[in-house]
Structure formats: C-alpha cells, structure tokens
Amino acid sequence: MVSAQAWQQARAELLVKEKELTRALDALAAERRRLPMVPFDKEYLFDGPGGSARLLELFEHRRQLIVYHFMWPGDHYCVGCSGFTDNIGHLAHLNARDTSMALVSAGPLAEIEPFKKRMGWTLPWYSSQHSDFNTDCGVTAGFGLSVFLRDGDRVYRTYFTTARGVDRLRADLNLLDLTPLGRQEDWEDSPVGWQQTPPYQWWRLHDEYGELPPRNAEN
C-alpha cells in the first residue's frame with residue numbers, strides 16, 4: 001500500500017520499460033515482414049461445410065490467409081486450441097486488411113462440425129484429413145499458426161509459430177498478465193504468497209468452468 005504519488009512514480013518507471021518492449025516488438029514485426037517465403041503449390045484438398053476446397057479457396061479471394069492448426073487428438077478436445085479460438089473476434093477487422101482466417105484440423109469434418117456448433121464458433125473450419133497439409137506445415141500431432149500470401153494463383157508460406165508464440169496471441173492470457181495476480185500459474189515470478197497452480201490444469205472448455213469449485217470462496 002503506497003500513496004498515489006508513489007504509485008504514479010512506480011508506474012512511470014515501468015512505462016519506460018513497456019515502451020522499450022513496444023519498440024522492440026515493432027522492430028521484430030518489421031523483420032517478420034521481410035522473412036523469405038516458400039512456395040506452397042501442392043494441390044491440397046480440404047473438407048469444408050460447402051464440400052471440397054483447395055488451399056486457394058481458403059483465402060476467400062483475399063491476399064493473405066492465417067491458418068490456425070487446431071489439434072485433433074481424437075479422444076478429447078484440445079482445451080488450449082479451444083481457448084485460442086475463443087479469443088478470435090469478428091473477422092471483419094482482418095478482412096478489411098485483405099486477410100482471411102481459418103481453422104484446419106486433421107480430424108474428420110463429421111466430428112468437427114458438432115463441436116464447432118457446441119462452442120458457438122463461426123470461424124471457418126476445415127478438415128485436412130485426406131491431405132498431408134498438416135505434415136507439410138510441421139504440425140503432424142501438434143498445434144501452430146501459419147501465415148500464407150497469395151499472388152494470383154501462387155501461394156507462399158511466410159510465417160509459422162507455435163507454443164509460446166501462439167500463447168502471446170491470446171487476449172485472455174495477455175489481459176491476465178496485466179493483473180496483480182497474473183495467470184496464477186507456478187512458473188510465474190510473482191510476490192511470495194500469491195496463490196498459484198500448475199500451468200494448463202485450470203484450463204477448461206468455456207462451457208465447463210461451472211464444474212470447478214469457486215476459488216477463495218471464503219473471501
């Protein structure tokens with residue numbers, strides 16, 4: 001507990017570091033935009049709600065395409081991928097910059113569609129079950145995010161990230177990083193006495209959090 005003046009001073013000192021990080025991220029984004037590209041010209045076929053689709057069709061006539069490789073283990077739904085998808089807002093803002101986005105999973109469309117309906121998602125979701133798209137993207141059994149650029153009928157892969165690179169794109173986790181308690185996971189450097197749990201174990205599908213007992217109920 002400190003005075004407003006002392007708090008403002010501490011906030012100003014932290015702001016200097018935040019501005020440094022912002023400039024570093026801007027520089028990194030500039031470097032990312034200059035990454036070399038690799039042709040992705042194989043005839044991949046995806047199963048979608050409208051039937052078979054080629055990779056070009058996932059662009060929906062736009063120049064850029066962001067693909068999230070949604071894990072599909074087969075015996076349970078990936079709560080991490082589901083959390084990521086929950087954080088995707090209205091695509092109109094991406095579309096306004098000539099960019100489309102879609103989910104792609106190796107699972108069958110007959111299983112994907114009911115889960116998509118349950119979650120209330122409208123994001124386009126395709127099955128790559130009958131192609132080696134995921135393998136060629138290096139995400140055979142995992143998750144990740146790929147970026148593609150279209151030049152006429154030619155498609156190029158320009159970027160890929162996974163693990164903490166995807167974590168950084170989740171609004172909910174980044175918002176928690178702004179709070180005094182943080183994500184409340186035991187890998188975080190937090191003040192002594194902060195209540196923490198192992199990472200990932202608290203994650204649920206968004207319609208399953210009611211199954212968790214309330215934390216700090218006594219407060």
# chains A, B, ... in the order shown; residues from 1 in each chain; ligands from 1

$ select_by_dssp --residues "region 130-180 of chain A" --states "helix (DSSP H, G or I)" --output "mmCIF file with C-alpha atoms, in the first residue's frame"
data_model
loop_
_atom_site.group_PDB
_atom_site.id
_atom_site.type_symbol
_atom_site.label_atom_id
_atom_site.label_comp_id
_atom_site.auth_asym_id
_atom_site.auth_seq_id
_atom_site.Cartn_x
_atom_site.Cartn_y
_atom_site.Cartn_z
ATOM 1 C CA PHE A 133 -1.183 -30.326 -45.347
ATOM 2 C CA ASN A 134 -0.510 -30.577 -41.600
ATOM 3 C CA THR A 135 2.566 -32.732 -42.192
ATOM 4 C CA ASP A 136 3.956 -30.241 -44.688
ATOM 5 C CA ARG A 164 4.555 -19.530 -26.520
ATOM 6 C CA GLY A 165 4.358 -17.809 -29.901
ATOM 7 C CA VAL A 166 0.675 -18.784 -30.051
ATOM 8 C CA ASP A 167 0.231 -18.104 -26.336
ATOM 9 C CA ALA A 171 -6.117 -11.862 -25.429
ATOM 10 C CA ASP A 172 -7.260 -13.520 -22.205
ATOM 11 C CA LEU A 173 -3.768 -14.548 -21.112
ATOM 12 C CA ASN A 174 -2.301 -11.186 -22.062
ATOM 13 C CA LEU A 175 -5.022 -9.422 -20.090
ATOM 14 C CA LEU A 176 -4.273 -11.619 -17.077
#

$ residues_around --residues "Ser146 (chain A)" --least-positions-apart "4" --cutoff "8 Å" --atoms "only C-alpha atoms" --output "VMD selection string"
chain A and resid 66 to 69 137 157 to 161

$ write_last_selection --atoms "N, CA, C and O atoms" --output "PDB file, in the first residue's frame"
ATOM      1  N   ILE A  66      -4.467 -16.523 -42.666  1.00  0.00           N
ATOM      2  CA  ILE A  66      -3.935 -17.021 -41.401  1.00  0.00           C
ATOM      3  C   ILE A  66      -4.627 -18.340 -41.097  1.00  0.00           C
ATOM      4  O   ILE A  66      -5.854 -18.410 -41.054  1.00  0.00           O
ATOM      5  N   VAL A  67      -3.847 -19.369 -40.888  1.00  0.00           N
ATOM      6  CA  VAL A  67      -4.391 -20.698 -40.575  1.00  0.00           C
ATOM      7  C   VAL A  67      -3.950 -21.094 -39.175  1.00  0.00           C
ATOM      8  O   VAL A  67      -2.753 -21.111 -38.871  1.00  0.00           O
ATOM      9  N   TYR A  68      -4.929 -21.398 -38.326  1.00  0.00           N
ATOM     10  CA  TYR A  68      -4.593 -21.963 -37.022  1.00  0.00           C
ATOM     11  C   TYR A  68      -4.765 -23.472 -37.121  1.00  0.00           C
ATOM     12  O   TYR A  68      -5.845 -23.966 -37.449  1.00  0.00           O
ATOM     13  N   HIS A  69      -3.687 -24.202 -36.838  1.00  0.00           N
ATOM     14  CA  HIS A  69      -3.703 -25.666 -36.882  1.00  0.00           C
ATOM     15  C   HIS A  69      -4.239 -26.163 -35.540  1.00  0.00           C
ATOM     16  O   HIS A  69      -3.520 -26.241 -34.542  1.00  0.00           O
ATOM     17  N   CYS A 137       3.221 -28.660 -42.990  1.00  0.00           N
ATOM     18  CA  CYS A 137       3.353 -27.469 -42.145  1.00  0.00           C
ATOM     19  C   CYS A 137       4.100 -27.771 -40.847  1.00  0.00           C
ATOM     20  O   CYS A 137       4.320 -26.876 -40.025  1.00  0.00           O
ATOM     21  N   ARG A 157       4.040 -19.692 -48.194  1.00  0.00           N
ATOM     22  CA  ARG A 157       4.001 -19.694 -46.734  1.00  0.00           C
ATOM     23  C   ARG A 157       5.057 -18.708 -46.247  1.00  0.00           C
ATOM     24  O   ARG A 157       6.231 -18.786 -46.635  1.00  0.00           O
ATOM     25  N   THR A 158       4.644 -17.786 -45.380  1.00  0.00           N
ATOM     26  CA  THR A 158       5.529 -16.705 -44.973  1.00  0.00           C
ATOM     27  C   THR A 158       5.941 -16.763 -43.515  1.00  0.00           C
ATOM     28  O   THR A 158       6.950 -16.167 -43.127  1.00  0.00           O
ATOM     29  N   TYR A 159       5.164 -17.458 -42.674  1.00  0.00           N
ATOM     30  CA  TYR A 159       5.446 -17.417 -41.233  1.00  0.00           C
ATOM     31  C   TYR A 159       4.821 -18.624 -40.544  1.00  0.00           C
ATOM     32  O   TYR A 159       3.816 -19.179 -41.001  1.00  0.00           O
ATOM     33  N   PHE A 160       5.430 -19.015 -39.428  1.00  0.00           N
ATOM     34  CA  PHE A 160       4.870 -20.071 -38.582  1.00  0.00           C
ATOM     35  C   PHE A 160       5.303 -19.830 -37.143  1.00  0.00           C
ATOM     36  O   PHE A 160       6.428 -19.389 -36.885  1.00  0.00           O
ATOM     37  N   THR A 161       4.396 -20.113 -36.209  1.00  0.00           N
ATOM     38  CA  THR A 161       4.753 -20.068 -34.792  1.00  0.00           C
ATOM     39  C   THR A 161       3.943 -21.117 -34.038  1.00  0.00           C
ATOM     40  O   THR A 161       2.901 -21.585 -34.515  1.00  0.00           O
TER      41      THR A 161
END

$ closest_residue --among "A:Tyr126, A:Gln64, A:Tyr77, A:Gly182" --to "Gln196 (chain A)" --atoms "only C-alpha atoms"
A:Gly182

$ atom_distance --atom1 "CA of Leu58 (chain A)" --atom2 "CA of Tyr156 (chain A)"
13.3 Å

$ residues_around --residues "Gly80 (chain A)" --least-positions-apart "5" --cutoff "10 Å" --atoms "only C-alpha atoms" --output "ChimeraX atom specification"
/A:70-71,85-86,143,166-167,200,203-205

$ write_last_selection --atoms "C-alpha atoms" --output "PDB file, in the first residue's frame"
ATOM      1  CA  PHE A  70      -6.223 -26.901 -34.313  1.00  0.00           C
ATOM      2  CA  MET A  71      -5.129 -30.132 -32.617  1.00  0.00           C
ATOM      3  CA  THR A  85     -10.244 -19.930 -30.808  1.00  0.00           C
ATOM      4  CA  ASP A  86     -12.478 -18.367 -28.143  1.00  0.00           C
ATOM      5  CA  PHE A 143      -0.737 -27.086 -32.993  1.00  0.00           C
ATOM      6  CA  VAL A 166       0.675 -18.784 -30.051  1.00  0.00           C
ATOM      7  CA  ASP A 167       0.231 -18.104 -26.336  1.00  0.00           C
ATOM      8  CA  TYR A 200      -2.725 -25.626 -18.029  1.00  0.00           C
ATOM      9  CA  TRP A 203      -7.947 -24.646 -18.454  1.00  0.00           C
ATOM     10  CA  ARG A 204     -11.417 -25.861 -19.449  1.00  0.00           C
ATOM     11  CA  LEU A 205     -13.684 -25.581 -22.447  1.00  0.00           C
TER      12      LEU A 205
END

$ select_by_dssp --residues "region 117-207 of chain A" --states "strand (DSSP E)" --output "list in words"
Trp125, Tyr126, Ser127, Gly144, Leu145, Ser146, Val147, Phe148, Leu149, Arg150, Asp151, Arg154, Val155, Tyr156, Arg157, Thr158, Tyr159, Phe160 and Thr161 of chain A

$ residues_around --residues "Leu55 (chain A)" --least-positions-apart "4" --cutoff "8 Å" --atoms "only C-alpha atoms" --output "PyMOL selection string"
chain A and resi 43-46+59

$ atom_distance --atom1 "CA of Leu94 (chain A)" --atom2 "CA of Arg168 (chain A)"
17.9 Å

$ residues_around --residues "Trp121 (chain A)" --least-positions-apart "2" --cutoff "10 Å" --atoms "only C-alpha atoms" --output "VMD selection string"
chain A and resid 82 85 to 86 88 to 89 113 115 to 119 123 to 125

$ write_last_selection --atoms "N, CA and C atoms" --output "compact mmCIF listing (two decimals), in the first residue's frame"
# COMPACT_ATOMS: atom_id res chain seq x y z
N SER A 82 -8.93 -24.63 -28.07
CA SER A 82 -10.28 -24.07 -27.89
C SER A 82 -10.20 -22.69 -27.25
N THR A 85 -9.14 -20.24 -29.89
CA THR A 85 -10.24 -19.93 -30.81
C THR A 85 -11.28 -19.04 -30.15
N ASP A 86 -11.54 -19.23 -28.87
CA ASP A 86 -12.48 -18.37 -28.14
C ASP A 86 -12.05 -16.91 -28.20
N ILE A 88 -10.63 -15.32 -30.70
CA ILE A 88 -10.69 -14.72 -32.03
C ILE A 88 -11.99 -13.93 -32.15
N GLY A 89 -11.88 -12.67 -32.45
CA GLY A 89 -13.06 -11.82 -32.56
C GLY A 89 -13.65 -11.83 -33.96
N GLU A 113 -17.73 -30.48 -37.00
CA GLU A 113 -18.93 -29.66 -37.09
C GLU A 113 -19.76 -29.64 -35.80
N PHE A 115 -18.77 -30.11 -32.73
CA PHE A 115 -18.03 -29.39 -31.70
C PHE A 115 -18.04 -27.89 -31.98
N LYS A 116 -17.89 -27.52 -33.22
CA LYS A 116 -17.96 -26.11 -33.60
C LYS A 116 -19.30 -25.51 -33.22
N LYS A 117 -20.37 -26.25 -33.45
CA LYS A 117 -21.71 -25.78 -33.08
C LYS A 117 -21.85 -25.64 -31.57
N ARG A 118 -21.33 -26.61 -30.84
CA ARG A 118 -21.38 -26.56 -29.37
C ARG A 118 -20.68 -25.32 -28.84
N MET A 119 -19.53 -24.99 -29.42
CA MET A 119 -18.73 -23.86 -28.96
C MET A 119 -19.27 -22.51 -29.45
N LEU A 123 -15.99 -19.09 -37.04
CA LEU A 123 -14.73 -19.11 -37.79
C LEU A 123 -14.73 -20.29 -38.77
N PRO A 124 -14.39 -20.08 -40.04
CA PRO A 124 -14.33 -21.20 -40.99
C PRO A 124 -13.39 -22.30 -40.48
N TRP A 125 -13.82 -23.55 -40.58
CA TRP A 125 -13.04 -24.68 -40.05
C TRP A 125 -13.06 -25.80 -41.08

$ closest_residue --among "A:Leu28, A:Leu181, A:Ala110, A:Val139" --to "Pro49 (chain A)" --atoms "only C-alpha atoms"
A:Ala110

$ atom_distance --atom1 "CA of Leu145 (chain A)" --atom2 "CA of Thr162 (chain A)"
6.3 Å

$ closest_residue --among "A:Ser105, A:Val155, A:Cys81, A:Ala141" --to "Lys42 (chain A)" --atoms "only C-alpha atoms"
A:Val155

$ closest_residue --among "A:Val79, A:Ser131, A:Ile112, A:Val2" --to "Trp202 (chain A)" --atoms "only C-alpha atoms"
A:Val79
